[in-house]
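Down below is the structure, laid out as structure tokens.
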Amino acid sequence: MAPVESVWGALTDYESLGNFIPGLAENRCLSRNPKGARLLQVGEQNVALGAKFRAKVILDIQEYYDGVPMNDCCIGKLGLTDGKYPLPRGLAKAPAHDIVFRMVEGDFQDFQGVWRMQQRREQEPTSTYLSYAVYVAQMRPQDKRS
């Protein structure tokens with residue numbers, strides 16, 4: 001268990017995400033700004049019969065410590081192409097602390113999402129509910145390389 005501030009601190013330590021996010025083979029912070037960053041990430045996962053799935057993305061990250069505005073979110077995939085983010089499930093009455101990301105370059109047609117942190121209850125300030133929603137559209141065709 002950890003308080004929201006600790007979870008927020010871990011997820012906004014962009015240089016260190018590769019230390020604890022499974023399947024993140026490469027993670028580099030390309031630049032920072034006061035409310036986010038630009039990251040290069042390569043995900044890698046073993047799939048059937050010893051094959052590996054690998055995908056590279058450059059993400060723009062935006063921090064909303066007081067929650068992403070609801071008019072910037074949508075339920076389902078309708079609206080995602082209009083610059084909206086998928087809405088994660090969360091605790092109904094707890095304030096949300098959100099980190100949103102959107103692919104600006106990479107191996108997918110579209111890749112975007114939201115990490116949401118909420119304190120579980122006022123009585124449990126050291127317990128954080130962490131949820132996320134991700135929208136991924138198919139991979140772009142890859143060049144055949146020998």
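Here's how to read the names in the structure tokens: chain A, B, ... by the order shown, residue numbers from 1 in each chain, ligand numbers from 1 in the order shown.
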Quiz item: Can you list, as a VMD selection string, every protein, DNA or RNA residue that comes within 7 Å of Phe101 in chain A when you count only C-alpha atoms, leaving out same-chain residues fewer than 2 positions away?
Solution: chain A and resid 59 to 62 99 103 112 to 114
Exercise. Skip range 64-77 of chain A itself and residues of its chain fewer than 4 positions away, then list as a PyMOL selection string all residues within 7 Å of it, counting only C-alpha atoms.
Key: chain A and resi 84-87+96-99
Exercise. Excluding range 44-56 of chain A and any residue of its chain fewer than 5 positions from it, enumerate the residues within 7 Å of it, using only C-alpha atoms, and give them as a count of residues only.
Key: 5
Quiz item: What residues in range 32-106 of chain A get the DSSP label helix (DSSP H, G or I)? Please answer as a PyMOL selection string.
Solution: chain A and resi 48-50+70-72+80-82
Those selected residues, please, written with C-alpha atoms and delivered as a compact mmCIF listing (two decimals), in the first residue's frame.
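result00.txt written:
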# COMPACT_ATOMS: atom_id res chain seq x y z
CA ALA A 48 3.69 -18.37 -28.64
CA LEU A 49 6.48 -20.69 -29.77
CA GLY A 50 9.36 -18.46 -28.70
CA MET A 70 -14.34 15.06 -18.18
CA ASN A 71 -14.97 16.75 -21.54
CA ASP A 72 -11.51 15.46 -22.61
CA LEU A 80 -11.08 8.97 -29.40
CA THR A 81 -10.17 10.30 -32.83
CA ASP A 82 -11.39 13.73 -31.71
Quiz item: Quick one: DSSP strand (DSSP E) residues in chain A, as a PyMOL selection string?
Solution: chain A and resi 24-33+36-46+52-64+73-74+85-86+97-106+108-121+124-139
